[in-house]
Every structure is written in C-alpha cells, then in structure tokens.
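Listing of query-v2.cif, mmCIF, C-alpha atoms
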```
data_work
#
loop_
_atom_site.label_atom_id
_atom_site.label_comp_id
_atom_site.auth_asym_id
_atom_site.auth_seq_id
_atom_site.Cartn_x
_atom_site.Cartn_y
_atom_site.Cartn_z
CA MET B 1 49.90 23.65 23.18
CA ALA B 2 48.17 22.72 19.95
CA SER B 3 51.45 22.83 18.02
CA PHE B 4 52.98 20.25 20.40
CA THR B 5 50.05 17.96 19.73
CA TYR B 6 50.53 18.35 15.99
CA SER B 7 54.19 17.53 16.50
CA ILE B 8 53.46 14.05 17.83
CA GLU B 9 50.76 13.54 15.18
CA ASN B 10 53.30 14.50 12.51
CA SER B 11 55.82 12.04 13.96
CA LYS B 12 53.23 9.30 13.69
CA MET B 13 52.48 10.32 10.10
CA ALA B 14 56.22 10.21 9.35
CA MET B 15 56.45 6.73 10.86
CA TRP B 16 53.62 5.47 8.63
CA LEU B 17 55.19 7.10 5.56
CA PHE B 18 58.42 5.26 6.40
CA LEU B 19 56.52 1.98 6.78
CA ALA B 20 54.77 2.65 3.43
CA SER B 21 58.17 3.06 1.74
CA GLU B 22 59.23 -0.24 3.30
CA MET B 23 56.02 -1.76 1.98
CA PHE B 24 57.09 -0.75 -1.56
CA LEU B 25 60.41 -2.50 -1.11
CA PHE B 26 58.96 -5.75 0.20
CA SER B 27 56.07 -5.81 -2.31
CA VAL B 28 58.52 -5.62 -5.22
CA LEU B 29 60.73 -8.36 -3.73
CA ILE B 30 57.71 -10.60 -3.13
CA ILE B 31 56.59 -10.19 -6.77
CA ALA B 32 60.16 -10.88 -7.96
CA TYR B 33 60.25 -14.02 -5.80
CA ILE B 34 56.93 -15.27 -7.24
CA ILE B 35 58.25 -14.86 -10.80
CA VAL B 36 61.49 -16.77 -10.06
CA ARG B 37 59.87 -19.41 -7.83
CA TYR B 38 57.76 -21.02 -10.58
CA ALA B 39 60.84 -21.43 -12.77
CA TYR B 40 62.53 -23.58 -10.08
CA PRO B 41 59.92 -25.87 -8.50
CA GLU B 42 62.59 -28.41 -7.42
CA ALA B 43 64.38 -25.78 -5.30
CA HIS B 44 61.13 -24.91 -3.55
CA ALA B 45 60.93 -28.50 -2.24
CA HIS B 46 64.00 -27.86 -0.04
CA LEU B 47 62.20 -25.27 2.10
CA ASN B 48 61.68 -26.35 5.71
CA VAL B 49 57.97 -25.64 6.26
CA PRO B 50 57.63 -27.21 9.78
CA LEU B 51 60.56 -25.14 11.12
CA THR B 52 59.22 -21.97 9.52
CA SER B 53 55.75 -22.65 10.90
CA ILE B 54 57.26 -22.68 14.41
CA ASN B 55 59.04 -19.43 13.55
CA THR B 56 55.72 -17.94 12.43
CA PHE B 57 54.13 -18.71 15.79
CA ILE B 58 57.19 -17.24 17.52
CA LEU B 59 56.86 -13.97 15.60
CA LEU B 60 53.08 -13.76 16.17
CA LEU B 61 53.71 -14.26 19.88
CA SER B 62 56.37 -11.53 19.83
CA SER B 63 53.85 -9.10 18.31
CA PHE B 64 51.49 -9.90 21.17
CA SER B 65 54.36 -9.26 23.60
CA VAL B 66 54.80 -5.80 22.04
CA VAL B 67 51.18 -4.75 22.62
CA TRP B 68 51.36 -6.29 26.09
CA ALA B 69 54.39 -4.10 26.88
CA LEU B 70 52.68 -1.06 25.36
CA SER B 71 49.48 -1.61 27.33
CA GLY B 72 51.68 -1.81 30.46
CA ALA B 73 53.34 1.51 29.58
CA GLN B 74 49.96 3.15 28.94
CA VAL B 75 48.74 2.40 32.46
CA GLY B 76 52.12 2.98 34.13
CA ASN B 77 52.69 -0.72 34.84
CA GLN B 78 56.49 -0.92 34.73
CA THR B 79 56.66 -4.68 35.38
CA ARG B 80 54.36 -5.49 32.46
CA LEU B 81 56.31 -3.13 30.22
CA LEU B 82 59.67 -4.71 31.05
CA ARG B 83 58.37 -8.29 30.81
CA GLY B 84 56.74 -7.55 27.46
CA LEU B 85 59.94 -6.03 26.10
CA ALA B 86 62.05 -8.91 27.43
CA GLY B 87 59.59 -11.31 25.76
CA VAL B 88 60.07 -9.61 22.40
CA ILE B 89 63.86 -9.66 22.73
CA GLY B 90 63.82 -13.38 23.61
CA LEU B 91 61.33 -14.40 20.92
CA GLY B 92 62.94 -12.18 18.27
CA THR B 93 66.37 -13.66 18.99
CA LEU B 94 64.94 -17.19 18.76
CA PHE B 95 63.32 -16.30 15.41
CA PHE B 96 66.62 -14.98 14.08
CA LEU B 97 68.61 -18.03 15.24
CA LEU B 98 66.12 -20.46 13.68
CA MET B 99 66.32 -18.44 10.45
CA MET B 100 70.11 -18.80 10.47
CA TYR B 101 69.72 -22.57 11.01
CA GLU B 102 67.32 -22.70 8.06
CA TYR B 103 69.84 -20.84 5.89
CA SER B 104 72.62 -23.30 6.76
CA GLU B 105 70.26 -26.18 5.89
CA MET B 106 69.37 -24.56 2.56
CA SER B 107 73.01 -23.98 1.61
CA HIS B 108 73.76 -27.66 2.32
CA HIS B 109 71.10 -28.47 -0.26
CA GLY B 110 72.89 -26.29 -2.80
CA ILE B 111 70.49 -23.33 -2.54
CA THR B 112 73.08 -20.56 -2.32
CA LEU B 113 73.13 -16.94 -3.49
CA GLY B 114 74.57 -18.17 -6.80
CA HIS B 115 71.39 -20.17 -7.48
CA PRO B 116 68.66 -18.06 -9.20
CA PHE B 117 66.03 -19.34 -6.74
CA GLY B 118 68.45 -18.70 -3.87
CA MET B 119 68.99 -15.13 -5.01
CA ALA B 120 65.24 -14.35 -4.92
CA PHE B 121 64.77 -16.31 -1.69
CA TYR B 122 67.67 -14.79 0.24
CA ALA B 123 67.00 -11.25 -1.02
CA LEU B 124 63.45 -11.37 0.36
CA THR B 125 63.94 -13.36 3.57
CA GLY B 126 67.38 -11.83 4.22
CA LEU B 127 66.03 -8.30 4.04
CA HIS B 128 63.28 -9.36 6.43
CA GLY B 129 65.88 -10.92 8.74
CA ALA B 130 67.86 -7.67 8.67
CA HIS B 131 64.70 -5.86 9.76
CA VAL B 132 64.27 -8.33 12.63
CA LEU B 133 67.86 -7.65 13.69
CA ILE B 134 67.35 -3.86 13.58
CA GLY B 135 64.08 -4.30 15.51
CA LEU B 136 65.97 -6.34 18.14
CA ILE B 137 68.69 -3.71 18.56
CA TRP B 138 65.96 -1.06 18.84
CA ALA B 139 64.15 -3.28 21.39
CA VAL B 140 67.27 -3.48 23.58
CA TYR B 141 67.50 0.33 23.44
CA VAL B 142 63.82 0.68 24.41
CA PHE B 143 64.26 -1.90 27.19
CA ASN B 144 67.21 0.03 28.57
CA ARG B 145 65.20 3.25 28.60
CA ALA B 146 62.22 1.49 30.16
CA PHE B 147 64.50 -0.01 32.82
CA ASN B 148 65.69 3.53 33.65
CA GLY B 149 62.10 4.66 34.04
CA VAL B 150 61.97 6.95 30.99
CA TYR B 151 58.51 5.80 29.92
CA THR B 152 55.44 6.77 31.90
CA LYS B 153 51.71 6.59 31.25
CA ASP B 154 51.98 10.11 29.80
CA ASN B 155 55.04 9.44 27.71
CA TYR B 156 55.17 6.08 25.95
CA TRP B 157 55.76 7.15 22.33
CA GLY B 158 59.20 5.54 22.25
CA VAL B 159 57.55 2.17 22.91
CA GLU B 160 54.70 2.80 20.47
CA PHE B 161 56.88 3.82 17.50
CA TRP B 162 59.26 0.89 17.96
CA GLY B 163 56.16 -1.32 18.31
CA LEU B 164 54.81 -0.10 14.96
CA TYR B 165 58.10 -1.10 13.34
CA TRP B 166 58.06 -4.55 14.96
CA HIS B 167 54.44 -5.19 13.96
CA PHE B 168 55.30 -4.16 10.41
CA VAL B 169 58.05 -6.79 10.39
CA ASP B 170 55.40 -9.27 11.53
CA VAL B 171 52.95 -8.19 8.78
CA VAL B 172 55.66 -8.69 6.15
CA TRP B 173 56.43 -12.13 7.58
CA ILE B 174 52.75 -13.12 7.38
CA PHE B 175 52.95 -12.61 3.60
CA ILE B 176 56.42 -14.15 3.26
CA PHE B 177 55.28 -17.27 5.12
CA THR B 178 52.29 -17.72 2.82
CA VAL B 179 53.91 -16.74 -0.49
CA VAL B 180 57.35 -18.33 -0.01
CA TYR B 181 56.57 -21.41 2.06
CA LEU B 182 52.91 -22.36 1.58
CA LEU B 183 51.99 -21.54 -2.02
CA MET Q 1 63.13 20.17 27.69
CA ALA Q 2 61.16 21.22 24.67
CA ASP Q 3 61.23 17.62 23.57
CA SER Q 4 59.72 16.27 26.76
CA ARG Q 5 57.05 18.97 26.71
CA GLN Q 6 56.09 17.89 23.22
CA LEU Q 7 55.82 14.28 24.23
CA THR Q 8 53.81 14.97 27.34
CA SER Q 9 51.28 17.22 25.69
CA GLY Q 10 51.05 14.86 22.74
CA ALA Q 11 50.39 12.01 25.11
CA ALA Q 12 47.72 14.05 26.81
CA HIS Q 13 46.10 14.43 23.44
CA ALA Q 14 46.27 10.67 22.90
CA GLU Q 15 44.94 10.07 26.39
CA HIS Q 16 41.85 11.84 25.19
CA HIS Q 17 41.44 9.14 22.55
CA SER Q 18 42.72 6.26 24.67
CA ALA Q 19 39.20 5.22 25.60
CA LYS Q 20 38.90 4.01 22.02
CA HIS Q 21 42.12 1.97 22.20
CA ALA Q 22 42.14 -1.81 22.25
CA THR Q 23 42.11 -3.48 25.65
CA PRO Q 24 44.46 -6.30 26.77
CA GLY Q 25 41.49 -8.66 26.27
CA THR Q 26 41.33 -7.59 22.61
CA TYR Q 27 45.05 -8.25 22.24
CA VAL Q 28 44.66 -11.80 23.58
CA ALA Q 29 41.66 -12.43 21.28
CA VAL Q 30 43.61 -11.21 18.25
CA LEU Q 31 46.55 -13.48 19.15
CA GLY Q 32 44.13 -16.42 19.36
CA ALA Q 33 42.63 -15.52 15.96
CA LEU Q 34 46.10 -15.23 14.40
CA ALA Q 35 47.14 -18.62 15.79
CA VAL Q 36 43.93 -20.31 14.58
CA LEU Q 37 44.23 -18.76 11.10
CA THR Q 38 47.86 -19.98 10.87
CA LEU Q 39 46.77 -23.49 11.88
CA ILE Q 40 44.04 -23.39 9.20
CA GLU Q 41 46.70 -22.39 6.65
CA LEU Q 42 48.85 -25.38 7.60
CA ILE Q 43 45.85 -27.74 7.50
CA VAL Q 44 44.92 -26.41 4.04
CA VAL Q 45 48.47 -27.02 2.79
CA TYR Q 46 49.00 -30.47 4.30
CA LEU Q 47 45.59 -31.82 3.30
CA GLY Q 48 45.89 -30.24 -0.16
CA LEU Q 49 42.55 -28.51 0.17
CA LEU Q 50 41.08 -25.57 -1.78
CA GLY Q 51 44.41 -23.98 -2.51
CA GLN Q 52 46.16 -20.76 -3.28
CA ILE Q 53 43.38 -18.17 -3.27
CA LEU Q 54 42.22 -19.33 0.17
CA LEU Q 55 45.80 -19.12 1.52
CA VAL Q 56 46.22 -15.58 0.21
CA LEU Q 57 42.87 -14.55 1.70
CA ILE Q 58 43.89 -15.96 5.10
CA ALA Q 59 47.24 -14.11 4.91
CA ILE Q 60 45.43 -10.84 4.12
CA SER Q 61 43.07 -11.45 7.06
CA LYS Q 62 46.00 -12.03 9.43
CA ALA Q 63 47.80 -8.89 8.24
CA TRP Q 64 44.55 -6.94 8.55
CA LEU Q 65 44.14 -8.08 12.18
CA VAL Q 66 47.68 -6.96 13.07
CA LEU Q 67 47.26 -3.61 11.30
CA GLN Q 68 43.84 -2.88 12.77
CA PHE Q 69 44.36 -3.97 16.37
CA TYR Q 70 48.09 -4.29 17.12
CA MET Q 71 49.10 -1.25 15.04
CA HIS Q 72 45.93 0.59 16.08
CA LEU Q 73 44.97 1.71 12.56
CA ARG Q 74 41.37 1.09 13.57
CA TYR Q 75 41.67 3.98 16.03
CA GLU Q 76 43.74 6.32 13.85
CA ARG Q 77 42.89 8.78 11.11
CA ARG Q 78 41.85 6.96 7.91
CA ILE Q 79 44.63 8.65 5.92
CA LEU Q 80 47.26 6.46 7.65
CA THR Q 81 45.55 3.31 6.33
CA TRP Q 82 45.53 4.70 2.78
CA ILE Q 83 49.19 5.73 3.02
CA PHE Q 84 50.11 2.20 4.03
CA LEU Q 85 47.97 0.44 1.41
CA LEU Q 86 48.98 2.65 -1.53
CA PRO Q 87 52.38 0.93 -2.19
CA ALA Q 88 50.81 -2.54 -2.30
CA VAL Q 89 48.12 -1.32 -4.71
CA ALA Q 90 50.72 0.46 -6.87
CA VAL Q 91 52.94 -2.64 -7.05
CA GLY Q 92 49.84 -4.71 -7.89
CA ILE Q 93 48.96 -2.39 -10.78
CA LEU Q 94 52.57 -2.40 -12.03
CA THR Q 95 52.59 -6.20 -11.93
CA VAL Q 96 49.42 -6.38 -14.01
CA ILE Q 97 50.85 -3.89 -16.54
CA MET Q 98 54.06 -5.95 -16.65
CA GLN Q 99 52.07 -8.96 -17.90
CA PHE Q 100 51.51 -7.18 -21.21
CA PHE Q 101 55.26 -7.06 -21.84
CA VAL Q 102 55.97 -10.71 -21.05
CA ALA Q 103 55.94 -13.10 -23.97
#
```
Have the structure of the file written as structure tokens, please.
Amino acid sequence: MASFTYSIENSKMAMWLFLASEMFLFSVLIIAYIIVRYAYPEAHAHLNVPLTSINTFILLLSSFSVVWALSGAQVGNQTRLLRGLAGVIGLGTLFFLLMMYEYSEMSHHGITLGHPFGMAFYALTGLHGAHVLIGLIWAVYVFNRAFNGVYTKDNYWGVEFWGLYWHFVDVVWIFIFTVVYLL
Amino acid sequence: MADSRQLTSGAAHAEHHSAKHATPGTYVAVLGALAVLTLIELIVVYLGLLGQILLVLIAISKAWLVLQFYMHLRYERRILTWIFLLPAVAVGILTVIMQFFVA
C-alpha cells in the first residue's frame, strides 16, 4: 500500500516541478517586459487599467471558486463541486473575453506585435492568456467527469491537480497586473 | 483498476492529513484579503502614494496568500515551496548579473 501512497505524492511533486518550469518561463518574460517598458513610456499610457482591474477581481474570484469546488469534492458535496467548477468556467471565459477586448483596443492605438513594446506586452500577457485557455479546456474536462460522478471524497486528485494549475495562472496574473499595469 | 487503487489509497493517505487543510472559512477570508490588497494597490496608484516598492510588496503578499492557502503549500512538505521559489530566485540572480554587462 505504501507504494501507492508514494505514487500520488510523486504525482504532486511532478506537478510542482512542472509549475516551477512555468515559473522560469514567466519570470524571464516579466524581466524582458520591464526592460522594454521603460524604453517606451508613451505606449504604456495606452493600457486600460480600469478594465484590467475588473479582470483581476474576476480571476481572484475564480481562484476562490476552485477551492470552493475542491472543498466540496473533499466532503463528497457534489452540488458544491459542480457549482464551483461552473463558476470557474464562467469567470475564466469572462476574463478571456475581456482580455481579447483589451487587445483589440490596444491594436487600435497602434500597439501591435510589430511595435517593440507590443512584442514584450503580447508575449507576456498572450502566454498567460493561452494558459487561461488551457485551464478552461481542462476545467470543462474536469466538470464533465464531476458531472458523471467520477470524483468522490476519497478520490478528488483530478480536481486538485487542475486547481493547482489554475491557481498558478492566478499567481502569475497577480505579478503581471502589478508589473505591467500598475508600475 | 490499478490506477483507481492508487488514487484511493493515496487519498486515504491525504485524508490522514486533511485535518490540517484549510477550511471553507479560511478560503473566504483569503479571498477578502486578496480583494482588499488589490484595492489598496489601486488606491496607491491613483493617489500617487509611496510607489513601486510598496506595490511589489503587496503583489508578493497576494501571491504568497494564494500559494499558502489556495495551493495548500502551507500544509505540504517544505521541499515543494523551495522547488517553486527556485526559478524566481535564479532569474533574479541572472538579472542582477546581467546589469554588469549593460552599458
């Protein structure tokens, strides 16, 4: 039995190693953005801080929805699990749509991929957006499995591992919001 | 079958530790703290107060709250925290070294 326990512990370790590798990627892009950003202060003025602030609250709320769903799974509360997951899917989709709106606004102001500031901005926020999209697809998969009763109070690792990924996306956004939009 | 046996026994192991896990009340409190810290950030920016170091410190605090309570690092083996922090520290060191090669 001990080896089965180690198996799940190893899976968790693998998940954190994966998140650490992601951390490398985002840290480098954040540093690259900081270097480019101070060369183009006029481009920075086009960022929509009020809209992004709303998006920040949306993502924080989605992270709460994840732990709410997980706490439901841990006590075998199927309704709380499904509502939490549906909340994440709804909030995550809203975040993604508002991000797309922000991008269209930025491109109207001439901040495109061809612009040096745009390159640093889109590389960082675009990669984050791609992570949100992957997290959403994963969330739909988890929701489907939850709906079919796969998760129980003794087996909720599928929810927990996806949750770690979603929270990581939130942690990265916390730094992007501060570094890109507020500083 | 082997897969489900793994998951079940692993969960039983975690169940042993679940008493140490955060409660729904903790999750609500952390959400409140995250919202308040974000509002403070916005107030700092719009009123042009203390500035950049404070904003970075608030961002680190928010990330720390998510990592500790939502990602349960507080209740996990310490090695997972170090694994996660190592890349940020490494990139920080590389950035400092890079300064010596910039005119």
Give the centre and edge lengths of an axis-aligned box, in Å to one decimal, that holds all listed atoms of segment 134-143 of chain B with 4 Å on each side, as lines of an AutoDock Vina configuration file.
```
center_x = 66.3
center_y = -2.8
center_z = 20.4
size_x = 12.9
size_y = 15.0
size_z = 21.6
```
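For the pair atom CA of Val36 of chain Q and atom CA of Trp68 of chain B, the interatomic distance is 19.6 Å.
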Next item on the list: Apply the PyMOL selection byres ((chain B) within 8 of (chain Q)) to the displayed file and report the matching residues as JSON, numbers by chain.
Entry: {"B": [1, 4, 5, 6, 7, 8, 9, 13, 16, 17, 19, 20, 21, 23, 24, 27, 28, 31, 57, 60, 61, 63, 64, 67, 68, 71, 154, 155, 156, 157, 163, 164, 167, 171, 174, 175, 178, 179, 182, 183]}
Next item on the list: Identify all residues satisfying the PyMOL selection byres ((chain B and resi 86-98) around 9) in the given file; provide them as number ranges by chain.
Entry: B: 51-52, 54-56, 58-59, 61-66, 69, 81-85, 99-103, 129, 132-133, 135-137, 139-140, 143
Check: So, counting only C-alpha atoms, which residue among Q:Val96, Q:Leu37, Q:Leu73, Q:Ile43 is closest to Leu57 of chain Q?
Finding: Q:Leu37
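Between atom CA of Ser11 of chain B and atom CA of Gly158 of chain B lies a distance of 11.1 Å.
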Show which residues sit within 8 Å of Leu124 of chain B, as a tab-separated table (two decimals) with C-alpha atoms, in the frame of the given file. Count all atoms listed in the file, and ignore same-chain residues fewer than 4 positions away.
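Now in part.tsv:
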```tsv
chain	number	residue	atom	x	y	z
B	26	PHE	CA	58.96	-5.75	0.20
B	29	LEU	CA	60.73	-8.36	-3.73
B	30	ILE	CA	57.71	-10.60	-3.13
B	33	TYR	CA	60.25	-14.02	-5.80
B	120	ALA	CA	65.24	-14.35	-4.92
B	128	HIS	CA	63.28	-9.36	6.43
```
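Relative to atom CA of Pro116 of chain B, atom CA of Phe101 of chain Q is found at 21.5 Å.
Compared by their closest atoms to Lys12 of chain B, and using all atoms listed in the file, the residues B:Phe161, B:Val172, B:Tyr181, B:Tyr141 rank with B:Phe161 nearest.
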Checklist line | Test item: the PyMOL selection byres ((chain B and resi 43) around 10) resolved as a ChimeraX atom specification | finding: /B:37-42,44-47,106,109-111,115-118
Prev. selection, C-alpha atoms, output as a PDB file, in the coordinates of the input:
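In the end it all went to selection07.pdb:
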```
ATOM      1  CA  ARG B  37      59.870 -19.410  -7.830  1.00  0.00           C
ATOM      2  CA  TYR B  38      57.760 -21.020 -10.580  1.00  0.00           C
ATOM      3  CA  ALA B  39      60.840 -21.430 -12.770  1.00  0.00           C
ATOM      4  CA  TYR B  40      62.530 -23.580 -10.080  1.00  0.00           C
ATOM      5  CA  PRO B  41      59.920 -25.870  -8.500  1.00  0.00           C
ATOM      6  CA  GLU B  42      62.590 -28.410  -7.420  1.00  0.00           C
ATOM      7  CA  HIS B  44      61.130 -24.910  -3.550  1.00  0.00           C
ATOM      8  CA  ALA B  45      60.930 -28.500  -2.240  1.00  0.00           C
ATOM      9  CA  HIS B  46      64.000 -27.860  -0.040  1.00  0.00           C
ATOM     10  CA  LEU B  47      62.200 -25.270   2.100  1.00  0.00           C
ATOM     11  CA  MET B 106      69.370 -24.560   2.560  1.00  0.00           C
ATOM     12  CA  HIS B 109      71.100 -28.470  -0.260  1.00  0.00           C
ATOM     13  CA  GLY B 110      72.890 -26.290  -2.800  1.00  0.00           C
ATOM     14  CA  ILE B 111      70.490 -23.330  -2.540  1.00  0.00           C
ATOM     15  CA  HIS B 115      71.390 -20.170  -7.480  1.00  0.00           C
ATOM     16  CA  PRO B 116      68.660 -18.060  -9.200  1.00  0.00           C
ATOM     17  CA  PHE B 117      66.030 -19.340  -6.740  1.00  0.00           C
ATOM     18  CA  GLY B 118      68.450 -18.700  -3.870  1.00  0.00           C
TER      19      GLY B 118
END
```
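Considering all atoms listed in the file, the residue among B:Gly114, B:Val75, B:Glu22, B:Asn148 positioned nearest to Val169 of chain B is B:Glu22.
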